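Colleague: Please read through the structure below; I'll follow up with questions.
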Amino acid sequence: MTVVTPDADEELVVLVSPDGEAIGTAPKATVHHADTPLHLAFSVYLLDDAGSLLVTQRALAKATFPGVWTNSACGHPAPGEPVEDAVGRRARDELGLDVDDLRLVLPHFSYRAEMDGVVEWELCPVLVGRVSGVAPQPGPDPAEVEAAEWVPWREFAADVLSGRREVSTWCREQVAELAALGAEPADWPTADAADLPPAMSSHTTQPPLE
């Protein structure tokens with residue numbers, strides 16, 4: 001794998017081949033454009049103790065898909081960072097929340113989407129986690145999150161699938177796949193971490209990338 005030596009504060013994303021093998025890294029700040037290369041990401045769906053989903057609106061100043069409503073959080077694992085750690089880091093930094101009972105549910109999810117000439121093209125496994133309490137108040141980073149709300153999962157899924165609720169391309173496609181797994185998140189089977197893209201490490205699979 002070709003590795004770019006980053007500046008101390010530069011966030012990198014892992015570039016991958018279509019079969020999920022790592023082929024290099026690129027600065028997150030410059031990787032998204034009209035010809036965005038395929039790279040690793042993740043999406044997480046955070047549920048409270050009452051079964052409601054935390055839904056977020058992307059900050060209006062974000063370079064990609066500004067102002068779009070979507071799932072709880074998305075992000076990019078750093079080179080060699082286990083996906084569970086990346087989810088926890090993103091939830092704390094973006095939402096001010098700690099995640100429990102994190103499970104992998106869609107290891108093979110991928111998508112390509114475009115908005116205002118900027119492309120997202122990601123291998124993007126989907127995880128589900130729990131936030132303790134009922135509708136706990138997040139502390140969102142305003143550079144990342146414009147707004148957030150808790151919505152009962154069944155209501156959210158039905159509205160997305162019917163087209164009554166507009167969400168990001170990846171969220172709409174993910175909700176369709178999640179709904180096919182079962183009506184309630186508790187019904188969703190935990191996927192085998194060995195089915196993650198080869199470039200994506202996990203606490204329960206391969207060691208970090210060298």
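Just remember, in the structure tokens the first chain shown is A, the second B, etc., residues are 1-based per chain, and ligands are 1-based in the order shown.
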With a distance cut-off of 10 Å and only C-alpha atoms, select the neighbouring residues of A:Ser52, excluding the residue or stretch itself and same-chain residues fewer than 6 positions from it, and output the selection as a PDB file with all heavy atoms, in the first residue's frame.
Modeller:
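The new file selection_4.pdb reads:
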ATOM      1  N   LEU A  46     -27.530   4.991  15.585  1.00  0.00           N
ATOM      2  CA  LEU A  46     -27.530   5.002  17.046  1.00  0.00           C
ATOM      3  C   LEU A  46     -28.962   5.031  17.559  1.00  0.00           C
ATOM      4  O   LEU A  46     -29.757   5.895  17.179  1.00  0.00           O
ATOM      5  CB  LEU A  46     -26.767   6.218  17.561  1.00  0.00           C
ATOM      6  CG  LEU A  46     -25.286   6.291  17.158  1.00  0.00           C
ATOM      7  CD1 LEU A  46     -24.659   7.574  17.694  1.00  0.00           C
ATOM      8  CD2 LEU A  46     -24.530   5.071  17.650  1.00  0.00           C
ATOM      9  N   ARG A 130     -25.949   1.504  20.562  1.00  0.00           N
ATOM     10  CA  ARG A 130     -26.929   2.005  21.530  1.00  0.00           C
ATOM     11  C   ARG A 130     -26.327   3.170  22.307  1.00  0.00           C
ATOM     12  O   ARG A 130     -25.141   3.164  22.643  1.00  0.00           O
ATOM     13  CB  ARG A 130     -27.334   0.897  22.497  1.00  0.00           C
ATOM     14  CG  ARG A 130     -28.397   1.316  23.521  1.00  0.00           C
ATOM     15  CD  ARG A 130     -28.797   0.131  24.397  1.00  0.00           C
ATOM     16  NE  ARG A 130     -27.670  -0.396  25.151  1.00  0.00           N
ATOM     17  CZ  ARG A 130     -27.227   0.118  26.313  1.00  0.00           C
ATOM     18  NH1 ARG A 130     -27.822   1.173  26.836  1.00  0.00           N
ATOM     19  NH2 ARG A 130     -26.207  -0.419  26.930  1.00  0.00           N
ATOM     20  N   VAL A 134     -33.145   7.595  27.300  1.00  0.00           N
ATOM     21  CA  VAL A 134     -34.229   7.836  26.341  1.00  0.00           C
ATOM     22  C   VAL A 134     -34.053   9.239  25.776  1.00  0.00           C
ATOM     23  O   VAL A 134     -34.078  10.231  26.520  1.00  0.00           O
ATOM     24  CB  VAL A 134     -35.604   7.689  27.000  1.00  0.00           C
ATOM     25  CG1 VAL A 134     -36.713   8.045  26.014  1.00  0.00           C
ATOM     26  CG2 VAL A 134     -35.787   6.253  27.505  1.00  0.00           C
ATOM     27  N   ALA A 135     -33.821   9.313  24.481  1.00  0.00           N
ATOM     28  CA  ALA A 135     -33.604  10.575  23.773  1.00  0.00           C
ATOM     29  C   ALA A 135     -32.579  11.457  24.479  1.00  0.00           C
ATOM     30  O   ALA A 135     -32.842  12.640  24.746  1.00  0.00           O
ATOM     31  CB  ALA A 135     -34.920  11.315  23.577  1.00  0.00           C
ATOM     32  N   GLU A 149     -32.296  14.933  15.801  1.00  0.00           N
ATOM     33  CA  GLU A 149     -33.553  14.592  16.459  1.00  0.00           C
ATOM     34  C   GLU A 149     -33.648  13.077  16.608  1.00  0.00           C
ATOM     35  O   GLU A 149     -33.055  12.318  15.843  1.00  0.00           O
ATOM     36  CB  GLU A 149     -34.748  15.115  15.671  1.00  0.00           C
ATOM     37  CG  GLU A 149     -34.905  14.523  14.276  1.00  0.00           C
ATOM     38  CD  GLU A 149     -36.159  15.026  13.567  1.00  0.00           C
ATOM     39  OE1 GLU A 149     -36.985  15.691  14.200  1.00  0.00           O
ATOM     40  OE2 GLU A 149     -36.310  14.723  12.371  1.00  0.00           O
ATOM     41  N   TRP A 150     -34.411  12.665  17.617  1.00  0.00           N
ATOM     42  CA  TRP A 150     -34.691  11.251  17.829  1.00  0.00           C
ATOM     43  C   TRP A 150     -36.045  10.923  17.205  1.00  0.00           C
ATOM     44  O   TRP A 150     -37.028  11.629  17.437  1.00  0.00           O
ATOM     45  CB  TRP A 150     -34.716  10.925  19.320  1.00  0.00           C
ATOM     46  CG  TRP A 150     -33.381  11.031  19.981  1.00  0.00           C
ATOM     47  CD1 TRP A 150     -32.869  12.116  20.633  1.00  0.00           C
ATOM     48  CD2 TRP A 150     -32.380  10.006  20.046  1.00  0.00           C
ATOM     49  NE1 TRP A 150     -31.616  11.825  21.112  1.00  0.00           N
ATOM     50  CE2 TRP A 150     -31.283  10.542  20.770  1.00  0.00           C
ATOM     51  CE3 TRP A 150     -32.305   8.693  19.579  1.00  0.00           C
ATOM     52  CZ2 TRP A 150     -30.124   9.812  21.034  1.00  0.00           C
ATOM     53  CZ3 TRP A 150     -31.153   7.951  19.831  1.00  0.00           C
ATOM     54  CH2 TRP A 150     -30.082   8.506  20.543  1.00  0.00           C
ATOM     55  N   VAL A 151     -36.079   9.849  16.418  1.00  0.00           N
ATOM     56  CA  VAL A 151     -37.297   9.442  15.720  1.00  0.00           C
ATOM     57  C   VAL A 151     -37.485   7.939  15.926  1.00  0.00           C
ATOM     58  O   VAL A 151     -36.529   7.170  15.756  1.00  0.00           O
ATOM     59  CB  VAL A 151     -37.193   9.733  14.203  1.00  0.00           C
ATOM     60  CG1 VAL A 151     -38.489   9.356  13.504  1.00  0.00           C
ATOM     61  CG2 VAL A 151     -36.865  11.199  13.960  1.00  0.00           C
ATOM     62  N   PRO A 152     -38.688   7.492  16.286  1.00  0.00           N
ATOM     63  CA  PRO A 152     -38.909   6.047  16.397  1.00  0.00           C
ATOM     64  C   PRO A 152     -38.478   5.344  15.114  1.00  0.00           C
ATOM     65  O   PRO A 152     -38.800   5.799  14.009  1.00  0.00           O
ATOM     66  CB  PRO A 152     -40.422   5.928  16.629  1.00  0.00           C
ATOM     67  CG  PRO A 152     -40.794   7.224  17.286  1.00  0.00           C
ATOM     68  CD  PRO A 152     -39.916   8.256  16.642  1.00  0.00           C
ATOM     69  N   TRP A 153     -37.754   4.239  15.257  1.00  0.00           N
ATOM     70  CA  TRP A 153     -37.186   3.579  14.087  1.00  0.00           C
ATOM     71  C   TRP A 153     -38.242   3.232  13.043  1.00  0.00           C
ATOM     72  O   TRP A 153     -38.052   3.491  11.855  1.00  0.00           O
ATOM     73  CB  TRP A 153     -36.420   2.316  14.471  1.00  0.00           C
ATOM     74  CG  TRP A 153     -36.140   1.454  13.267  1.00  0.00           C
ATOM     75  CD1 TRP A 153     -36.758   0.291  12.922  1.00  0.00           C
ATOM     76  CD2 TRP A 153     -35.237   1.762  12.194  1.00  0.00           C
ATOM     77  NE1 TRP A 153     -36.294  -0.172  11.713  1.00  0.00           N
ATOM     78  CE2 TRP A 153     -35.351   0.718  11.244  1.00  0.00           C
ATOM     79  CE3 TRP A 153     -34.349   2.801  11.942  1.00  0.00           C
ATOM     80  CZ2 TRP A 153     -34.604   0.689  10.067  1.00  0.00           C
ATOM     81  CZ3 TRP A 153     -33.589   2.772  10.776  1.00  0.00           C
ATOM     82  CH2 TRP A 153     -33.725   1.725   9.851  1.00  0.00           C
ATOM     83  N   ARG A 154     -39.345   2.630  13.462  1.00  0.00           N
ATOM     84  CA  ARG A 154     -40.355   2.201  12.483  1.00  0.00           C
ATOM     85  C   ARG A 154     -40.916   3.397  11.717  1.00  0.00           C
ATOM     86  O   ARG A 154     -41.144   3.312  10.504  1.00  0.00           O
ATOM     87  CB  ARG A 154     -41.480   1.432  13.176  1.00  0.00           C
ATOM     88  CG  ARG A 154     -41.086   0.011  13.580  1.00  0.00           C
ATOM     89  CD  ARG A 154     -42.309  -0.834  13.818  1.00  0.00           C
ATOM     90  NE  ARG A 154     -41.978  -2.207  14.144  1.00  0.00           N
ATOM     91  CZ  ARG A 154     -42.812  -3.222  14.001  1.00  0.00           C
ATOM     92  NH1 ARG A 154     -44.031  -3.015  13.511  1.00  0.00           N
ATOM     93  NH2 ARG A 154     -42.451  -4.451  14.341  1.00  0.00           N
ATOM     94  N   GLU A 155     -41.131   4.498  12.406  1.00  0.00           N
ATOM     95  CA  GLU A 155     -41.633   5.710  11.747  1.00  0.00           C
ATOM     96  C   GLU A 155     -40.601   6.227  10.737  1.00  0.00           C
ATOM     97  O   GLU A 155     -40.947   6.570   9.602  1.00  0.00           O
ATOM     98  CB  GLU A 155     -41.917   6.776  12.790  1.00  0.00           C
ATOM     99  CG  GLU A 155     -42.323   8.124  12.217  1.00  0.00           C
ATOM    100  CD  GLU A 155     -42.454   9.177  13.292  1.00  0.00           C
ATOM    101  OE1 GLU A 155     -42.886   8.839  14.417  1.00  0.00           O
ATOM    102  OE2 GLU A 155     -42.118  10.345  13.013  1.00  0.00           O
ATOM    103  N   PHE A 156     -39.344   6.269  11.159  1.00  0.00           N
ATOM    104  CA  PHE A 156     -38.291   6.751  10.266  1.00  0.00           C
ATOM    105  C   PHE A 156     -38.173   5.874   9.034  1.00  0.00           C
ATOM    106  O   PHE A 156     -38.150   6.364   7.898  1.00  0.00           O
ATOM    107  CB  PHE A 156     -36.958   6.792  11.018  1.00  0.00           C
ATOM    108  CG  PHE A 156     -35.791   7.211  10.171  1.00  0.00           C
ATOM    109  CD1 PHE A 156     -35.607   8.543   9.841  1.00  0.00           C
ATOM    110  CD2 PHE A 156     -34.889   6.266   9.704  1.00  0.00           C
ATOM    111  CE1 PHE A 156     -34.520   8.934   9.063  1.00  0.00           C
ATOM    112  CE2 PHE A 156     -33.808   6.648   8.923  1.00  0.00           C
ATOM    113  CZ  PHE A 156     -33.622   7.988   8.598  1.00  0.00           C
ATOM    114  N   PRO A 185     -34.600  -3.118  14.965  1.00  0.00           N
ATOM    115  CA  PRO A 185     -33.147  -3.292  15.013  1.00  0.00           C
ATOM    116  C   PRO A 185     -32.678  -4.503  15.810  1.00  0.00           C
ATOM    117  O   PRO A 185     -31.658  -5.109  15.480  1.00  0.00           O
ATOM    118  CB  PRO A 185     -32.672  -1.981  15.654  1.00  0.00           C
ATOM    119  CG  PRO A 185     -33.701  -0.983  15.212  1.00  0.00           C
ATOM    120  CD  PRO A 185     -35.004  -1.739  15.241  1.00  0.00           C
TER     121      PRO A 185
END
Colleague: Which residues of stretch 119-173 of chain A come within 9 Å of stretch 102-108 of chain A, and what is each one's closest atom pair and distance in Å (one decimal), counting only C-alpha atoms, sorted by chain and residue number, as CSV?
Modeller:
residue,atom,partner,partner_atom,distance
A:Leu123,CA,A:His108,CA,7.4
A:Cys124,CA,A:His108,CA,7.4
A:Pro125,CA,A:Pro107,CA,4.5
A:Val126,CA,A:Leu106,CA,4.9
A:Leu127,CA,A:Leu104,CA,4.4
A:Val128,CA,A:Arg103,CA,5.3
A:Gly129,CA,A:Leu102,CA,4.2
A:Arg130,CA,A:Leu102,CA,6.9
Colleague: Those same residues - N, CA and C atoms - I'd like them written as a PDB file, in the first residue's frame.
Modeller:
ATOM      1  N   LEU A 123     -16.764   2.363   0.024  1.00  0.00           N
ATOM      2  CA  LEU A 123     -17.102   1.089   0.652  1.00  0.00           C
ATOM      3  C   LEU A 123     -17.432   1.439   2.086  1.00  0.00           C
ATOM      4  N   CYS A 124     -18.688   1.226   2.492  1.00  0.00           N
ATOM      5  CA  CYS A 124     -19.211   1.869   3.694  1.00  0.00           C
ATOM      6  C   CYS A 124     -20.003   0.886   4.554  1.00  0.00           C
ATOM      7  N   PRO A 125     -19.341  -0.038   5.247  1.00  0.00           N
ATOM      8  CA  PRO A 125     -20.067  -0.928   6.141  1.00  0.00           C
ATOM      9  C   PRO A 125     -20.940  -0.168   7.133  1.00  0.00           C
ATOM     10  N   VAL A 126     -22.036  -0.801   7.532  1.00  0.00           N
ATOM     11  CA  VAL A 126     -23.013  -0.170   8.410  1.00  0.00           C
ATOM     12  C   VAL A 126     -23.032  -0.890   9.752  1.00  0.00           C
ATOM     13  N   LEU A 127     -23.016  -0.095  10.824  1.00  0.00           N
ATOM     14  CA  LEU A 127     -23.068  -0.628  12.178  1.00  0.00           C
ATOM     15  C   LEU A 127     -24.252  -0.016  12.915  1.00  0.00           C
ATOM     16  N   VAL A 128     -24.678  -0.682  13.965  1.00  0.00           N
ATOM     17  CA  VAL A 128     -25.735  -0.166  14.827  1.00  0.00           C
ATOM     18  C   VAL A 128     -25.223  -0.197  16.256  1.00  0.00           C
ATOM     19  N   GLY A 129     -25.539   0.850  17.006  1.00  0.00           N
ATOM     20  CA  GLY A 129     -25.099   0.930  18.390  1.00  0.00           C
ATOM     21  C   GLY A 129     -26.178   1.533  19.260  1.00  0.00           C
ATOM     22  N   ARG A 130     -25.949   1.504  20.562  1.00  0.00           N
ATOM     23  CA  ARG A 130     -26.929   2.005  21.530  1.00  0.00           C
ATOM     24  C   ARG A 130     -26.327   3.170  22.307  1.00  0.00           C
TER      25      ARG A 130
END
Colleague: Which is closest to A:Leu161 among A:Leu178, A:Leu53, A:Leu97, A:Val31, if we use only C-alpha atoms?
Modeller: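 Result for the nearest residue to A:Leu161: A:Leu178.
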Colleague: Would you please give, as number ranges by chain, all residues of stretch 3-179 of chain A that DSSP assigns to helix (DSSP H, G or I) based on the backbone?
Modeller: A: 28-31, 83-95, 153-162, 169-179
Colleague: For the atom pair atom CA of A:Pro142 and atom CA of A:Glu122, what is the interatomic distance in Å to one decimal place?
Modeller: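 Separation of atom CA of A:Pro142 and atom CA of A:Glu122: 24.1 Å.
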Colleague: Mind giving me the straight-line distance from atom CA of A:Gln137 to atom CA of A:Pro189 in Å, one decimal?
Modeller: 28.1 Å
Colleague: In terms of the shortest atom-to-atom distance over only C-alpha atoms, which of A:Leu95, A:Ala180, A:Val16, A:Leu196 is closest to A:Thr36?
Modeller: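 Answer, going by the shortest atom-to-atom distance: A:Val16.
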Colleague: Counting only C-alpha atoms, which of A:Val68, A:Leu60, A:Leu15, A:Ala194 gets nearest to A:Glu166?
Modeller: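 Closest residue, counting only C-alpha atoms: A:Val68.
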Colleague: Enumerate the residues of stretch 5-209 of chain A with a DSSP assignment of strand (DSSP E), computed from the backbone, and present them as a PyMOL selection string.
Modeller: chain A and resi 12-16+22-27+39-40+42-47+52-58+69-70+73-75+100-106+110-115+118-123+126-130+145-152
Colleague: Might you pull out every residue within 7 Å of stretch 12-14 of chain A, with only C-alpha atoms counted and same-chain residues fewer than 5 positions away left off, and present them as a ChimeraX atom specification?
Modeller: /A:22,24-28,39-40,76-79
Colleague: Go through A:Gly117, A:Pro37, A:Pro18, A:Gly67 and flag the residue nearest A:Ala148, using only C-alpha atoms for the distances.
Modeller: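 Ranked by minimum distance to A:Ala148, first place goes to A:Gly67.
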Colleague: Can you tell me how far atom CA of A:Met200 sits from atom CA of A:Ala176, in Å to one decimal?
Modeller: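 Computing it gives 23.6 Å between the two atoms.
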